[in-house]
Amino acid sequence: MSSEIKVAVNGALGRMGSTVLTAAAAENGVTPVGGVDIAASSDSVTIVGTSVSVPLTFGLAELFDIDKPDVVVDFTNGEAAKDSIIACINAGVRVVSGSTGLSPDDLEEIKQLSAEKGVGVLSASNFALGGVVLMHLAGIASKYFDYADLLESHHEMKVDAPSGTALSIAESMIVGRGKGFEQNVADLQTLEGTRGGDFQGINVHSARMPGRVARHEVVFGALGQTLTMIHDSINRESFMPGVMLGVKDVVGRSELVIGLASVLGLDKSKP
Ligand SMILES: NC(=O)c1ccc[n+]([C@@H]2O[C@H](COP(=O)([O-])OP(=O)(O)OC[C@H]3O[C@@H](n4cnc5c(N)ncnc54)[C@H](O)[C@@H]3O)[C@@H](O)[C@H]2O)c1
């Protein structure tokens, strides 16, 4: 492999995909070589903020015929991501996927295929470095509190709820605590759903509205005190340093890695 990592983007016309193309064009050691999108209506796409155009195809196979990248960065949706990741592994192309909505079964299937073929895949529900740190810290704090609420707000176009990041934070909290949280269950709930979703005792609340990109807030409660941790992504550029780190990391991987924590070395200081 040359020192330049050739990157193609799956979901290239989307909000995240187009931001990744721009970030890849600006990143040292990375070269954007193409885009794939089911909504493609032309055979090239101009990278926003540059005068560079790269080939655009309807499917991954068509792009690989033109120029096979070292890494595909995928920002589509859970269903499309699963098929795309499998197609990439079978073609020997590494993947960094930020798509949310992949089920544990999907990830297990990807894990097995990735190991069998020796093709690295990074799947992460949040590429914002502060979000990953929040996930880690919430896991540490969970040992010391019996009650917890998790609130997330996203833009009104988001299709899934709760966010993949909220689920990852909740999982980290349960792992850190070693068991579920205590929970107040209302005897009388006059408006259904007001207490939120229940993730092993953590009340999970989702808000959707214009003006937000992504906010995650964890509130812990104990006798006479609360602890609040908030992470805000104010724009999609906030995810790009993490995506570029992932691209540079995955070229040395030959298996599935879930989450950015191990890329950042945070898994070595587990709570
Ligand atoms: N991991 C993170 O840090 C992070 C951050 C933001 C968003 N996300 C996730 O990224 C995904 C994309 O978000 P978005 O806001 O860019 O969505 P979007 O709807 O703006 O973009 C998705 C793009 O994928 C394309 N697409 C759909 N199916 C496809 C297929 N089979 N093949 C090729 N292209 C296909 C669509 O045409 C669209 O252009 C979502 O799952 C979202 O939750 C993750």
# chains A, B, ... in the order shown; residues from 1 in each chain; ligands from 1
>>> residues_around(residues="Ile89 of chain A", least_positions_apart="3", cutoff="12 Å", atoms="only C-alpha atoms", output="NGL selection string")
:A and (60 or 70-72 or 82-86 or 92-96 or 109-122 or 254-256)
>>> write_last_selection(atoms="C-alpha atoms", output="PDB file, in the first residue's frame")
ATOM      1  CA  LEU A  60     -19.851  -0.285  -4.567  1.00  0.00           C
ATOM      2  CA  ASP A  70      -7.990   1.051   0.484  1.00  0.00           C
ATOM      3  CA  VAL A  71     -10.843   2.090   2.787  1.00  0.00           C
ATOM      4  CA  VAL A  72     -14.556   2.714   2.323  1.00  0.00           C
ATOM      5  CA  LYS A  82     -24.661  -4.170   6.748  1.00  0.00           C
ATOM      6  CA  ASP A  83     -24.838  -5.113   3.055  1.00  0.00           C
ATOM      7  CA  SER A  84     -22.131  -2.593   2.142  1.00  0.00           C
ATOM      8  CA  ILE A  85     -19.713  -3.741   4.841  1.00  0.00           C
ATOM      9  CA  ILE A  86     -20.153  -7.369   3.766  1.00  0.00           C
ATOM     10  CA  GLY A  92     -10.858  -7.135   0.416  1.00  0.00           C
ATOM     11  CA  VAL A  93     -11.574  -3.448   1.137  1.00  0.00           C
ATOM     12  CA  ARG A  94     -11.403  -2.192   4.733  1.00  0.00           C
ATOM     13  CA  VAL A  95     -14.328  -0.218   6.152  1.00  0.00           C
ATOM     14  CA  VAL A  96     -14.923   2.599   8.628  1.00  0.00           C
ATOM     15  CA  GLU A 109     -22.032 -11.666  11.283  1.00  0.00           C
ATOM     16  CA  ILE A 110     -19.627  -8.883  10.278  1.00  0.00           C
ATOM     17  CA  LYS A 111     -17.193  -9.895  13.032  1.00  0.00           C
ATOM     18  CA  GLN A 112     -17.037 -13.486  11.786  1.00  0.00           C
ATOM     19  CA  LEU A 113     -16.627 -12.572   8.114  1.00  0.00           C
ATOM     20  CA  SER A 114     -14.045  -9.901   8.897  1.00  0.00           C
ATOM     21  CA  ALA A 115     -11.945 -12.382  10.936  1.00  0.00           C
ATOM     22  CA  GLU A 116     -12.344 -15.105   8.312  1.00  0.00           C
ATOM     23  CA  LYS A 117     -11.157 -12.830   5.479  1.00  0.00           C
ATOM     24  CA  GLY A 118      -8.668 -10.841   7.600  1.00  0.00           C
ATOM     25  CA  VAL A 119     -10.174  -7.530   6.481  1.00  0.00           C
ATOM     26  CA  GLY A 120     -10.391  -4.799   9.132  1.00  0.00           C
ATOM     27  CA  VAL A 121     -13.674  -3.013   9.906  1.00  0.00           C
ATOM     28  CA  LEU A 122     -14.285  -0.187  12.380  1.00  0.00           C
ATOM     29  CA  SER A 254      -7.602  -7.465  10.205  1.00  0.00           C
ATOM     30  CA  GLU A 255     -10.723  -7.842  12.357  1.00  0.00           C
ATOM     31  CA  LEU A 256     -13.844  -5.974  13.492  1.00  0.00           C
TER      32      LEU A 256
END
>>> closest_atom_pairs(of="chain A", to="ligand 1", cutoff="8 Å", atoms="only C-alpha atoms and all ligand atoms", output="CSV")
residue,atom,partner,partner_atom_place_in_ligand_line,distance
A:Asn10,CA,ligand 1,33 (C),5.4
A:Gly11,CA,ligand 1,24 (O),3.5
A:Ala12,CA,ligand 1,39 (O),6.1
A:Leu13,CA,ligand 1,39 (O),4.2
A:Gly14,CA,ligand 1,21 (O),3.2
A:Arg15,CA,ligand 1,16 (O),3.8
A:Met16,CA,ligand 1,16 (O),3.6
A:Gly17,CA,ligand 1,16 (O),5.7
A:Ser18,CA,ligand 1,16 (O),7.9
A:Val36,CA,ligand 1,33 (C),5.5
A:Asp37,CA,ligand 1,34 (N),3.6
A:Ile38,CA,ligand 1,34 (N),4.4
A:Ala39,CA,ligand 1,37 (O),4.5
A:Ala40,CA,ligand 1,37 (O),7.5
A:Phe58,CA,ligand 1,33 (C),6.7
A:Gly59,CA,ligand 1,32 (N),6.2
A:Leu60,CA,ligand 1,32 (N),7.7
A:Asp74,CA,ligand 1,10 (O),7.8
A:Phe75,CA,ligand 1,11 (C),4.4
A:Thr76,CA,ligand 1,24 (O),3.7
A:Asn77,CA,ligand 1,41 (O),4.0
A:Gly78,CA,ligand 1,41 (O),6.0
A:Glu79,CA,ligand 1,31 (N),7.6
A:Ala80,CA,ligand 1,31 (N),4.2
A:Ala81,CA,ligand 1,31 (N),7.1
A:Asp83,CA,ligand 1,31 (N),7.6
A:Ser84,CA,ligand 1,32 (N),7.1
A:Ser97,CA,ligand 1,1 (N),7.2
A:Gly98,CA,ligand 1,1 (N),3.6
A:Ser99,CA,ligand 1,41 (O),3.6
A:Thr100,CA,ligand 1,41 (O),4.0
A:Gly101,CA,ligand 1,41 (O),6.4
A:Ser123,CA,ligand 1,1 (N),7.9
A:Ala124,CA,ligand 1,1 (N),5.3
A:Ser125,CA,ligand 1,1 (N),3.9
A:Asn126,CA,ligand 1,3 (O),3.3
A:Phe127,CA,ligand 1,3 (O),3.9
A:Ala128,CA,ligand 1,3 (O),5.9
A:Met157,CA,ligand 1,15 (O),7.5
A:Lys158,CA,ligand 1,43 (O),6.6
A:Val159,CA,ligand 1,43 (O),7.3
A:Asp160,CA,ligand 1,43 (O),7.0
A:Ser163,CA,ligand 1,43 (O),7.0
A:Gly164,CA,ligand 1,43 (O),7.0
A:Thr165,CA,ligand 1,1 (N),7.7
A:Ala214,CA,ligand 1,6 (C),7.8
A:Arg236,CA,ligand 1,6 (C),6.9
A:Phe239,CA,ligand 1,3 (O),5.5
A:Val243,CA,ligand 1,3 (O),7.9
>>> residues_around(residues="Val204 of chain A", least_positions_apart="2", cutoff="9 Å", atoms="only C-alpha atoms", output="list in words")
Asp149, Leu150, Leu151, Glu152, Pro162, Ala166, Leu167, Ala170, Arg195, Gly196, Gly197, Asp198, Phe199, Ile202 and Ser206 of chain A
>>> write_last_selection(atoms="N, CA, C and O atoms", output="compact mmCIF listing (two decimals), in the first residue's frame")
# COMPACT_ATOMS: atom_id res chain seq x y z
N ASP A 149 -30.30 9.02 34.43
CA ASP A 149 -31.11 9.35 33.25
C ASP A 149 -30.18 9.67 32.09
O ASP A 149 -29.07 10.18 32.30
N LEU A 150 -30.61 9.36 30.88
CA LEU A 150 -29.80 9.62 29.68
C LEU A 150 -30.69 10.35 28.69
O LEU A 150 -31.75 9.83 28.31
N LEU A 151 -30.31 11.58 28.35
CA LEU A 151 -31.14 12.40 27.45
C LEU A 151 -30.34 12.69 26.19
O LEU A 151 -29.17 13.09 26.28
N GLU A 152 -30.94 12.47 25.04
CA GLU A 152 -30.24 12.81 23.78
C GLU A 152 -31.15 13.66 22.90
O GLU A 152 -32.36 13.43 22.85
N PRO A 162 -33.62 5.40 20.30
CA PRO A 162 -32.66 6.45 20.66
C PRO A 162 -31.45 6.40 19.73
O PRO A 162 -31.34 5.50 18.91
N ALA A 166 -26.40 6.94 22.31
CA ALA A 166 -27.08 6.79 23.61
C ALA A 166 -27.04 5.33 24.05
O ALA A 166 -26.76 5.03 25.21
N LEU A 167 -27.25 4.43 23.10
CA LEU A 167 -27.22 3.00 23.45
C LEU A 167 -25.81 2.58 23.88
O LEU A 167 -25.63 1.83 24.83
N ALA A 170 -25.20 3.87 27.34
CA ALA A 170 -25.95 3.05 28.31
C ALA A 170 -25.22 1.72 28.55
O ALA A 170 -25.08 1.27 29.70
N ARG A 195 -41.78 8.77 31.21
CA ARG A 195 -40.58 8.33 31.95
C ARG A 195 -39.48 7.86 31.01
O ARG A 195 -38.40 7.49 31.45
N GLY A 196 -39.75 7.85 29.71
CA GLY A 196 -38.71 7.48 28.75
C GLY A 196 -38.59 5.99 28.55
O GLY A 196 -39.33 5.20 29.13
N GLY A 197 -37.62 5.58 27.71
CA GLY A 197 -37.35 4.16 27.51
C GLY A 197 -36.56 3.63 28.70
O GLY A 197 -35.94 4.41 29.43
N ASP A 198 -36.59 2.32 28.88
CA ASP A 198 -35.92 1.72 30.04
C ASP A 198 -34.76 0.84 29.56
O ASP A 198 -34.99 -0.20 28.94
N PHE A 199 -33.52 1.28 29.80
CA PHE A 199 -32.35 0.45 29.48
C PHE A 199 -31.75 0.00 30.81
O PHE A 199 -30.98 0.73 31.42
N ILE A 202 -31.86 2.60 33.37
CA ILE A 202 -31.53 3.96 32.91
C ILE A 202 -32.72 4.47 32.09
O ILE A 202 -33.14 3.81 31.14
N SER A 206 -35.44 10.79 24.18
CA SER A 206 -34.96 11.30 22.88
C SER A 206 -35.76 12.52 22.47
O SER A 206 -36.99 12.48 22.48
>>> closest_residue(among="A:Ser142, A:Thr194, A:Lys179, A:Ser262", to="Gly221 of chain A", atoms="only C-alpha atoms")
A:Ser142
>>> atom_distance(atom1="atom CA of Pro104 of chain A", atom2="atom CA of Leu260 of chain A")
17.1 Å
>>> select_by_dssp(residues="segment 29-268 of chain A", states="strand (DSSP E or B)", output="ChimeraX atom specification")
/A:30-36,44-46,53-57,71-74,94-97,121-123,147-154,197-199,202-208,214-222,225-233,256-258
>>> atom_distance(atom1="atom CA of Leu21 of chain A", atom2="atom CA of Ile47 of chain A")
6.1 Å
>>> closest_residue(among="A:Gly193, A:Gly242, A:Gly178, A:Gly131", to="Tyr144 of chain A", atoms="only C-alpha atoms")
A:Gly178
>>> select_by_dssp(residues="segment 153-206 of chain A", states="alpha helix (DSSP H)", output="ChimeraX atom specification")
/A:164-177
>>> closest_residue(among="A:Ala261, A:Leu107, A:Met209, A:Val45", to="Leu245 of chain A", atoms="only C-alpha atoms")
A:Ala261
>>> atom_distance(atom1="atom CA of Pro55 of chain A", atom2="atom CA of Val73 of chain A")
15.1 Å
>>> residues_around(residues="Val52 of chain A", least_positions_apart="4", cutoff="12 Å", atoms="only C-alpha atoms", output="PyMOL selection string")
chain A and resi 21-22+24-26+31-34+44-48
>>> write_last_selection(atoms="N, CA, C and O atoms", output="mmCIF file, in the first residue's frame")
data_model
loop_
_atom_site.group_PDB
_atom_site.id
_atom_site.type_symbol
_atom_site.label_atom_id
_atom_site.label_comp_id
_atom_site.auth_asym_id
_atom_site.auth_seq_id
_atom_site.Cartn_x
_atom_site.Cartn_y
_atom_site.Cartn_z
ATOM 1 N N LEU A 21 -16.055 13.473 2.534
ATOM 2 C CA LEU A 21 -15.275 13.723 1.308
ATOM 3 C C LEU A 21 -14.437 14.996 1.459
ATOM 4 O O LEU A 21 -13.253 15.020 1.111
ATOM 5 N N THR A 22 -15.053 16.045 1.999
ATOM 6 C CA THR A 22 -14.327 17.306 2.194
ATOM 7 C C THR A 22 -13.172 17.113 3.185
ATOM 8 O O THR A 22 -12.055 17.589 2.956
ATOM 9 N N ALA A 24 -11.605 14.327 3.878
ATOM 10 C CA ALA A 24 -10.570 13.458 3.295
ATOM 11 C C ALA A 24 -9.687 14.256 2.336
ATOM 12 O O ALA A 24 -8.477 14.032 2.258
ATOM 13 N N ALA A 25 -10.308 15.201 1.615
ATOM 14 C CA ALA A 25 -9.537 16.029 0.671
ATOM 15 C C ALA A 25 -8.534 16.913 1.411
ATOM 16 O O ALA A 25 -7.482 17.258 0.871
ATOM 17 N N ALA A 26 -8.866 17.288 2.660
ATOM 18 C CA ALA A 26 -8.000 18.189 3.427
ATOM 19 C C ALA A 26 -6.979 17.439 4.279
ATOM 20 O O ALA A 26 -6.057 18.049 4.819
ATOM 21 N N THR A 31 -6.408 10.319 0.419
ATOM 22 C CA THR A 31 -6.874 10.860 -0.864
ATOM 23 C C THR A 31 -8.269 10.340 -1.167
ATOM 24 O O THR A 31 -8.467 9.120 -1.213
ATOM 25 N N PRO A 32 -9.251 11.223 -1.348
ATOM 26 C CA PRO A 32 -10.576 10.736 -1.740
ATOM 27 C C PRO A 32 -10.556 10.310 -3.198
ATOM 28 O O PRO A 32 -10.072 11.044 -4.059
ATOM 29 N N VAL A 33 -11.053 9.083 -3.461
ATOM 30 C CA VAL A 33 -10.996 8.574 -4.844
ATOM 31 C C VAL A 33 -12.373 8.315 -5.443
ATOM 32 O O VAL A 33 -12.483 7.987 -6.623
ATOM 33 N N GLY A 34 -13.434 8.433 -4.634
ATOM 34 C CA GLY A 34 -14.746 8.183 -5.225
ATOM 35 C C GLY A 34 -15.856 8.203 -4.200
ATOM 36 O O GLY A 34 -15.615 8.243 -2.993
ATOM 37 N N SER A 44 -20.169 11.802 -11.420
ATOM 38 C CA SER A 44 -19.096 12.364 -10.595
ATOM 39 C C SER A 44 -19.703 13.311 -9.561
ATOM 40 O O SER A 44 -20.848 13.760 -9.703
ATOM 41 N N VAL A 45 -18.924 13.557 -8.536
ATOM 42 C CA VAL A 45 -19.377 14.497 -7.502
ATOM 43 C C VAL A 45 -18.223 15.460 -7.211
ATOM 44 O O VAL A 45 -17.069 15.043 -7.103
ATOM 45 N N THR A 46 -18.564 16.747 -7.135
ATOM 46 C CA THR A 46 -17.549 17.746 -6.780
ATOM 47 C C THR A 46 -17.503 17.833 -5.256
ATOM 48 O O THR A 46 -18.547 17.984 -4.601
ATOM 49 N N ILE A 47 -16.299 17.698 -4.714
ATOM 50 C CA ILE A 47 -16.153 17.706 -3.256
ATOM 51 C C ILE A 47 -16.377 19.128 -2.747
ATOM 52 O O ILE A 47 -15.708 20.081 -3.188
ATOM 53 N N VAL A 48 -17.329 19.264 -1.836
ATOM 54 C CA VAL A 48 -17.716 20.583 -1.317
ATOM 55 C C VAL A 48 -16.493 21.307 -0.754
ATOM 56 O O VAL A 48 -15.686 20.725 -0.033
#
>>> residues_around(residues="Leu134 of chain A", least_positions_apart="5", cutoff="9 Å", atoms="only C-alpha atoms", output="count of residues only")
9
